[in-house]
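Note: the block below is entry.txt and it holds compact mmCIF, C-alpha atoms.
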```
# COMPACT_ATOMS: atom_id res chain seq x y z
CA MET W 153 0.00 0.00 0.00
CA LEU W 154 2.86 2.42 0.62
CA GLN W 155 3.67 2.31 -3.09
CA ASP W 156 0.28 4.00 -3.69
CA LEU W 157 1.31 7.16 -1.82
CA GLY W 158 2.57 9.02 -4.86
CA ARG W 159 -0.60 8.24 -6.79
CA LEU W 160 -2.96 9.31 -3.98
CA ALA W 161 -1.81 12.85 -3.27
CA PRO W 162 1.67 13.65 -4.58
CA LEU W 163 1.55 17.40 -4.10
CA SER W 164 0.25 17.17 -0.54
CA LEU W 165 2.84 14.56 0.38
CA PHE W 166 5.64 16.56 -1.24
CA THR W 167 4.55 19.71 0.55
CA MET W 168 4.29 17.88 3.88
CA ALA W 169 7.74 16.36 3.42
CA ILE W 170 9.30 19.74 2.65
CA LEU W 171 7.60 21.43 5.60
CA ALA W 172 8.54 18.63 7.97
CA GLY W 173 12.14 18.72 6.75
CA VAL W 174 12.40 22.49 7.16
CA ALA W 175 10.89 22.29 10.65
CA SER W 176 13.25 19.52 11.74
CA ILE W 177 16.32 21.28 10.27
CA ALA W 178 15.35 24.51 12.02
CA GLY W 179 14.92 22.59 15.28
CA CYS W 180 11.34 23.69 15.66
CA GLY W 181 8.01 22.09 15.04
CA PRO W 182 6.98 18.47 15.24
CA ALA W 183 9.02 15.53 14.07
CA PRO W 184 8.43 14.38 10.49
CA LEU W 185 5.51 12.04 9.93
CA THR W 186 6.24 8.33 9.98
CA LYS W 187 5.59 6.23 6.86
CA GLN W 188 2.31 5.05 8.41
CA GLU W 189 1.23 8.62 9.27
CA THR W 190 2.16 9.76 5.76
CA LEU W 191 -0.04 7.04 4.26
CA GLY W 192 -2.81 8.17 6.64
CA ALA W 193 -2.34 11.79 5.53
CA ALA W 194 -2.70 10.77 1.89
CA LEU W 195 -5.86 8.80 2.67
CA TYR W 196 -7.29 11.68 4.72
CA ASN W 197 -6.58 14.15 1.91
CA GLN W 198 -8.19 11.88 -0.69
CA ARG W 199 -11.23 10.60 1.22
CA CYS W 200 -11.96 12.85 4.19
CA ALA W 201 -10.70 16.39 3.68
CA HIS W 202 -13.23 17.39 1.00
CA CYS W 203 -15.95 17.27 3.66
CA HIS W 204 -14.07 17.74 6.94
CA GLU W 205 -11.78 20.52 5.65
CA GLU W 206 -13.39 22.21 2.66
CA ASN W 207 -17.05 21.14 2.85
CA ASP W 208 -16.98 21.21 -0.94
CA LEU W 209 -20.34 19.46 -1.07
CA ALA W 210 -21.84 22.60 0.52
CA LEU W 211 -23.48 20.57 3.27
CA LYS W 212 -25.77 22.72 5.41
CA LYS W 213 -24.66 20.85 8.51
CA VAL W 214 -20.90 21.29 8.27
CA PRO W 215 -18.97 18.11 9.18
CA PRO W 216 -16.85 18.45 12.33
CA ASN W 217 -13.28 19.62 12.13
CA LEU W 218 -11.05 16.65 12.94
CA HIS W 219 -7.94 18.58 13.95
CA GLY W 220 -7.06 17.42 17.44
CA VAL W 221 -9.92 14.90 17.52
CA PHE W 222 -7.98 12.72 19.97
CA LYS W 223 -6.94 15.62 22.21
CA ALA W 224 -10.41 15.80 23.75
CA SER W 225 -11.88 12.97 25.79
CA THR W 226 -15.01 12.88 23.63
CA LEU W 227 -15.88 13.21 19.96
CA PRO W 228 -18.23 15.97 18.74
CA SER W 229 -21.04 13.40 19.10
CA GLY W 230 -20.24 12.91 22.80
CA ALA W 231 -18.87 9.38 22.31
CA ALA W 232 -15.45 8.47 23.70
CA ALA W 233 -12.54 9.73 21.61
CA ASN W 234 -10.69 6.46 21.10
CA ASP W 235 -9.52 4.38 18.15
CA ALA W 236 -12.37 1.89 18.41
CA GLU W 237 -15.09 4.57 18.32
CA VAL W 238 -13.48 6.61 15.54
CA LYS W 239 -13.02 3.43 13.47
CA ARG W 240 -16.65 2.47 14.13
CA VAL W 241 -17.92 5.87 12.95
CA ILE W 242 -15.74 5.77 9.83
CA LEU W 243 -16.86 2.27 8.90
CA ALA W 244 -20.53 2.52 9.88
CA GLY W 245 -21.11 6.19 9.09
CA LYS W 246 -23.09 8.57 11.27
CA GLY W 247 -25.73 11.13 10.41
CA LEU W 248 -24.86 12.58 7.00
CA MET W 249 -21.50 10.81 6.91
CA PRO W 250 -21.64 7.75 4.66
CA ALA W 251 -20.31 4.37 5.75
CA PHE W 252 -16.82 3.52 4.54
CA THR W 253 -17.09 -0.23 5.15
CA GLY W 254 -14.97 -2.05 2.59
CA ARG W 255 -13.22 1.12 1.43
CA PHE W 256 -10.18 0.82 3.72
CA THR W 257 -7.90 -2.14 4.30
CA ASP W 258 -6.82 -2.84 7.88
CA GLU W 259 -3.44 -1.26 7.04
CA GLN W 260 -5.12 1.86 5.65
CA MET W 261 -7.44 2.19 8.66
CA ALA W 262 -4.47 1.91 11.03
CA ALA W 263 -2.64 4.56 8.99
CA LEU W 264 -5.64 6.90 8.99
CA LEU W 265 -6.01 6.57 12.76
CA ALA W 266 -2.26 7.15 13.21
CA TYR W 267 -2.54 10.35 11.17
CA LEU W 268 -5.59 11.53 13.13
CA HIS W 269 -3.51 11.06 16.31
CA THR W 270 -1.02 13.62 14.96
CA GLY W 271 -3.72 16.30 15.14
CA LEU W 272 -3.63 16.51 11.30
CA ARG W 273 -0.30 18.26 11.08
```
The structure given in the file should be rewritten as structure tokens.
Amino acid sequence: MLQDLGRLAPLSLFTMAILAGVASIAGCGPAPLTKQETLGAALYNQRCAHCHEENDLALKKVPPNLHGVFKASTLPSGAAANDAEVKRVILAGKGLMPAFTGRFTDEQMAALLAYLHTGLR
């Protein structure tokens, strides 16, 4: 699956790599993303960001911002903010969010969760 990174979101990955490298060279900012987190970032950018970042579907009820989703003890819905609950919501859907069952491999789901744990940096 890691070989698919360039095909999923090359500009975003390139930009993230440059920014992470500059931050680490300068001695400031977070450490560069791991390979797993980078795969998760690509998946997020391809499958999640159009609603959770840009709301490009012009939904009247704007989907929640997922930056720092694991920093709080609960999700916007009030459910516990843990891997099991976030995975359940992604796979089963909730409210206007469609179900993504069968759209992520176990490796991809683990990568997406790992990226969400970074606070979407």
- All residues 8 Å or closer to stretch 205-218 of chain W, only C-alpha atoms, same chain fewer than 4 positions away omitted, as a list of chain:residue names: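 What passes the distance filter is W:Cys200, W:Ala201, W:Pro228, W:Leu268, W:Gly271, W:Leu272.
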Rounded to one decimal in Å, what is the spacing between atom CA of W:Gln188 and atom CA of W:Ala263?
->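 Result for atom CA of W:Gln188 versus atom CA of W:Ala263: 5.0 Å, one decimal.
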**Report entry** One-decimal distance in Å that lies between atom CA of W:Leu248 and atom CA of W:Ala236
**Finding:**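 Going from atom CA of W:Ala236 over to atom CA of W:Leu248, I get 20.0 Å.
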Minimum-distance residue to W:Arg199, chosen among W:Ala231, W:Leu264, W:Ala183, W:Ala224 (using all atoms listed in the file):
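Comparing W:Ala231, W:Leu264, W:Ala183, W:Ala224 against W:Arg199, the winner is W:Leu264.
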Would you list the contacts of W:Glu189 as a list in words, taking every protein, DNA or RNA residue within 12 Å and counting only C-alpha atoms, but skipping same-chain residues closer than 3 positions in sequence?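 The residues satisfying every condition are Leu154, Leu157, Leu165, Met168, Ala169, Ala183, Pro184, Leu185, Thr186, Gly192, Ala193, Ala194, Leu195, Tyr196, Glu259, Gln260, Met261, Ala262, Ala263, Leu264, Leu265, Ala266, Tyr267, Leu268, His269, Thr270, Gly271, Leu272 and Arg273 of chain W.
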Would you mind exporting stretch 193-230 of chain W with N, CA, C and O atoms, as a compact mmCIF listing (two decimals), in the first residue's frame?
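The result, written out as part11.txt:
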```txt
# COMPACT_ATOMS: atom_id res chain seq x y z
N ALA W 193 -2.12 10.43 6.03
CA ALA W 193 -2.34 11.79 5.53
C ALA W 193 -2.85 11.76 4.10
O ALA W 193 -3.77 12.50 3.74
N ALA W 194 -2.27 10.89 3.28
CA ALA W 194 -2.70 10.77 1.89
C ALA W 194 -4.15 10.29 1.82
O ALA W 194 -4.96 10.81 1.05
N LEU W 195 -4.49 9.31 2.64
CA LEU W 195 -5.86 8.80 2.67
C LEU W 195 -6.83 9.87 3.15
O LEU W 195 -7.91 10.06 2.59
N TYR W 196 -6.45 10.59 4.20
CA TYR W 196 -7.29 11.68 4.72
C TYR W 196 -7.52 12.73 3.64
O TYR W 196 -8.66 13.16 3.41
N ASN W 197 -6.45 13.12 2.96
CA ASN W 197 -6.58 14.15 1.91
C ASN W 197 -7.47 13.69 0.77
O ASN W 197 -8.21 14.49 0.19
N GLN W 198 -7.41 12.41 0.43
CA GLN W 198 -8.19 11.88 -0.69
C GLN W 198 -9.65 11.60 -0.32
O GLN W 198 -10.53 11.78 -1.14
N ARG W 199 -9.90 11.13 0.90
CA ARG W 199 -11.23 10.60 1.22
C ARG W 199 -11.98 11.36 2.31
O ARG W 199 -13.18 11.14 2.46
N CYS W 200 -11.30 12.21 3.05
CA CYS W 200 -11.96 12.85 4.19
C CYS W 200 -11.98 14.38 4.10
O CYS W 200 -12.96 15.01 4.48
N ALA W 201 -10.88 14.94 3.62
CA ALA W 201 -10.70 16.39 3.68
C ALA W 201 -11.75 17.17 2.89
O ALA W 201 -12.13 18.27 3.29
N HIS W 202 -12.27 16.60 1.79
CA HIS W 202 -13.23 17.39 1.00
C HIS W 202 -14.48 17.72 1.79
O HIS W 202 -15.13 18.72 1.52
N CYS W 203 -14.81 16.93 2.79
CA CYS W 203 -15.95 17.27 3.66
C CYS W 203 -15.47 17.92 4.96
O CYS W 203 -15.98 18.95 5.38
N HIS W 204 -14.48 17.29 5.61
CA HIS W 204 -14.07 17.74 6.94
C HIS W 204 -13.16 18.96 6.92
O HIS W 204 -12.96 19.59 7.96
N GLU W 205 -12.61 19.32 5.75
CA GLU W 205 -11.78 20.52 5.65
C GLU W 205 -12.48 21.59 4.83
O GLU W 205 -12.63 22.70 5.26
N GLU W 206 -12.87 21.22 3.61
CA GLU W 206 -13.39 22.21 2.66
C GLU W 206 -14.91 22.28 2.58
O GLU W 206 -15.44 23.24 2.08
N ASN W 207 -15.61 21.24 3.01
CA ASN W 207 -17.05 21.14 2.85
C ASN W 207 -17.45 21.49 1.42
O ASN W 207 -18.35 22.28 1.17
N ASP W 208 -16.73 20.89 0.45
CA ASP W 208 -16.98 21.21 -0.94
C ASP W 208 -18.29 20.65 -1.49
O ASP W 208 -18.66 20.95 -2.61
N LEU W 209 -19.00 19.90 -0.68
CA LEU W 209 -20.34 19.46 -1.07
C LEU W 209 -21.40 20.46 -0.62
O LEU W 209 -22.58 20.26 -0.83
N ALA W 210 -20.96 21.53 0.03
CA ALA W 210 -21.84 22.60 0.52
C ALA W 210 -22.93 22.04 1.44
O ALA W 210 -24.08 22.43 1.35
N LEU W 211 -22.53 21.13 2.32
CA LEU W 211 -23.48 20.57 3.27
C LEU W 211 -23.94 21.65 4.24
O LEU W 211 -23.13 22.44 4.74
N LYS W 212 -25.24 21.71 4.50
CA LYS W 212 -25.77 22.72 5.41
C LYS W 212 -25.31 22.47 6.84
O LYS W 212 -25.03 23.40 7.58
N LYS W 213 -25.24 21.19 7.22
CA LYS W 213 -24.66 20.85 8.51
C LYS W 213 -23.20 20.51 8.25
O LYS W 213 -22.89 19.46 7.72
N VAL W 214 -22.32 21.43 8.58
CA VAL W 214 -20.90 21.29 8.27
C VAL W 214 -20.30 20.15 9.10
O VAL W 214 -20.49 20.11 10.32
N PRO W 215 -19.61 19.21 8.45
CA PRO W 215 -18.97 18.11 9.18
C PRO W 215 -17.97 18.65 10.20
O PRO W 215 -17.36 19.70 9.98
N PRO W 216 -17.77 17.95 11.30
CA PRO W 216 -16.85 18.45 12.33
C PRO W 216 -15.41 18.52 11.84
O PRO W 216 -14.98 17.70 11.03
N ASN W 217 -14.70 19.49 12.36
CA ASN W 217 -13.28 19.62 12.13
C ASN W 217 -12.59 18.51 12.91
O ASN W 217 -12.87 18.32 14.09
N LEU W 218 -11.69 17.78 12.27
CA LEU W 218 -11.05 16.65 12.94
C LEU W 218 -9.66 16.96 13.48
O LEU W 218 -9.00 16.09 14.02
N HIS W 219 -9.22 18.21 13.37
CA HIS W 219 -7.94 18.58 13.95
C HIS W 219 -8.01 18.40 15.46
O HIS W 219 -8.90 18.93 16.12
N GLY W 220 -7.10 17.64 16.00
CA GLY W 220 -7.06 17.42 17.44
C GLY W 220 -8.18 16.55 17.96
O GLY W 220 -8.51 16.61 19.14
N VAL W 221 -8.78 15.71 17.10
CA VAL W 221 -9.92 14.90 17.52
C VAL W 221 -9.60 14.01 18.72
O VAL W 221 -10.46 13.76 19.55
N PHE W 222 -8.35 13.58 18.85
CA PHE W 222 -7.98 12.72 19.97
C PHE W 222 -7.46 13.51 21.17
O PHE W 222 -7.12 12.93 22.19
N LYS W 223 -7.39 14.81 21.07
CA LYS W 223 -6.94 15.62 22.21
C LYS W 223 -8.04 15.79 23.25
O LYS W 223 -7.77 15.96 24.42
N ALA W 224 -9.28 15.73 22.82
CA ALA W 224 -10.41 15.80 23.75
C ALA W 224 -10.77 14.40 24.21
O ALA W 224 -10.39 13.41 23.57
N SER W 225 -11.48 14.30 25.30
CA SER W 225 -11.88 12.97 25.79
C SER W 225 -13.10 12.43 25.05
O SER W 225 -13.36 11.24 25.08
N THR W 226 -13.83 13.33 24.38
CA THR W 226 -15.01 12.88 23.63
C THR W 226 -14.99 13.44 22.22
O THR W 226 -14.39 14.48 21.95
N LEU W 227 -15.69 12.76 21.33
CA LEU W 227 -15.88 13.21 19.96
C LEU W 227 -16.98 14.26 19.93
O LEU W 227 -17.71 14.42 20.92
N PRO W 228 -17.14 14.99 18.82
CA PRO W 228 -18.23 15.97 18.74
C PRO W 228 -19.60 15.37 19.06
O PRO W 228 -20.49 16.06 19.56
N SER W 229 -19.76 14.07 18.82
CA SER W 229 -21.04 13.40 19.10
C SER W 229 -21.24 13.12 20.58
O SER W 229 -22.33 12.75 21.01
N GLY W 230 -20.17 13.24 21.38
CA GLY W 230 -20.24 12.91 22.80
C GLY W 230 -19.69 11.53 23.12
O GLY W 230 -19.48 11.19 24.28
```
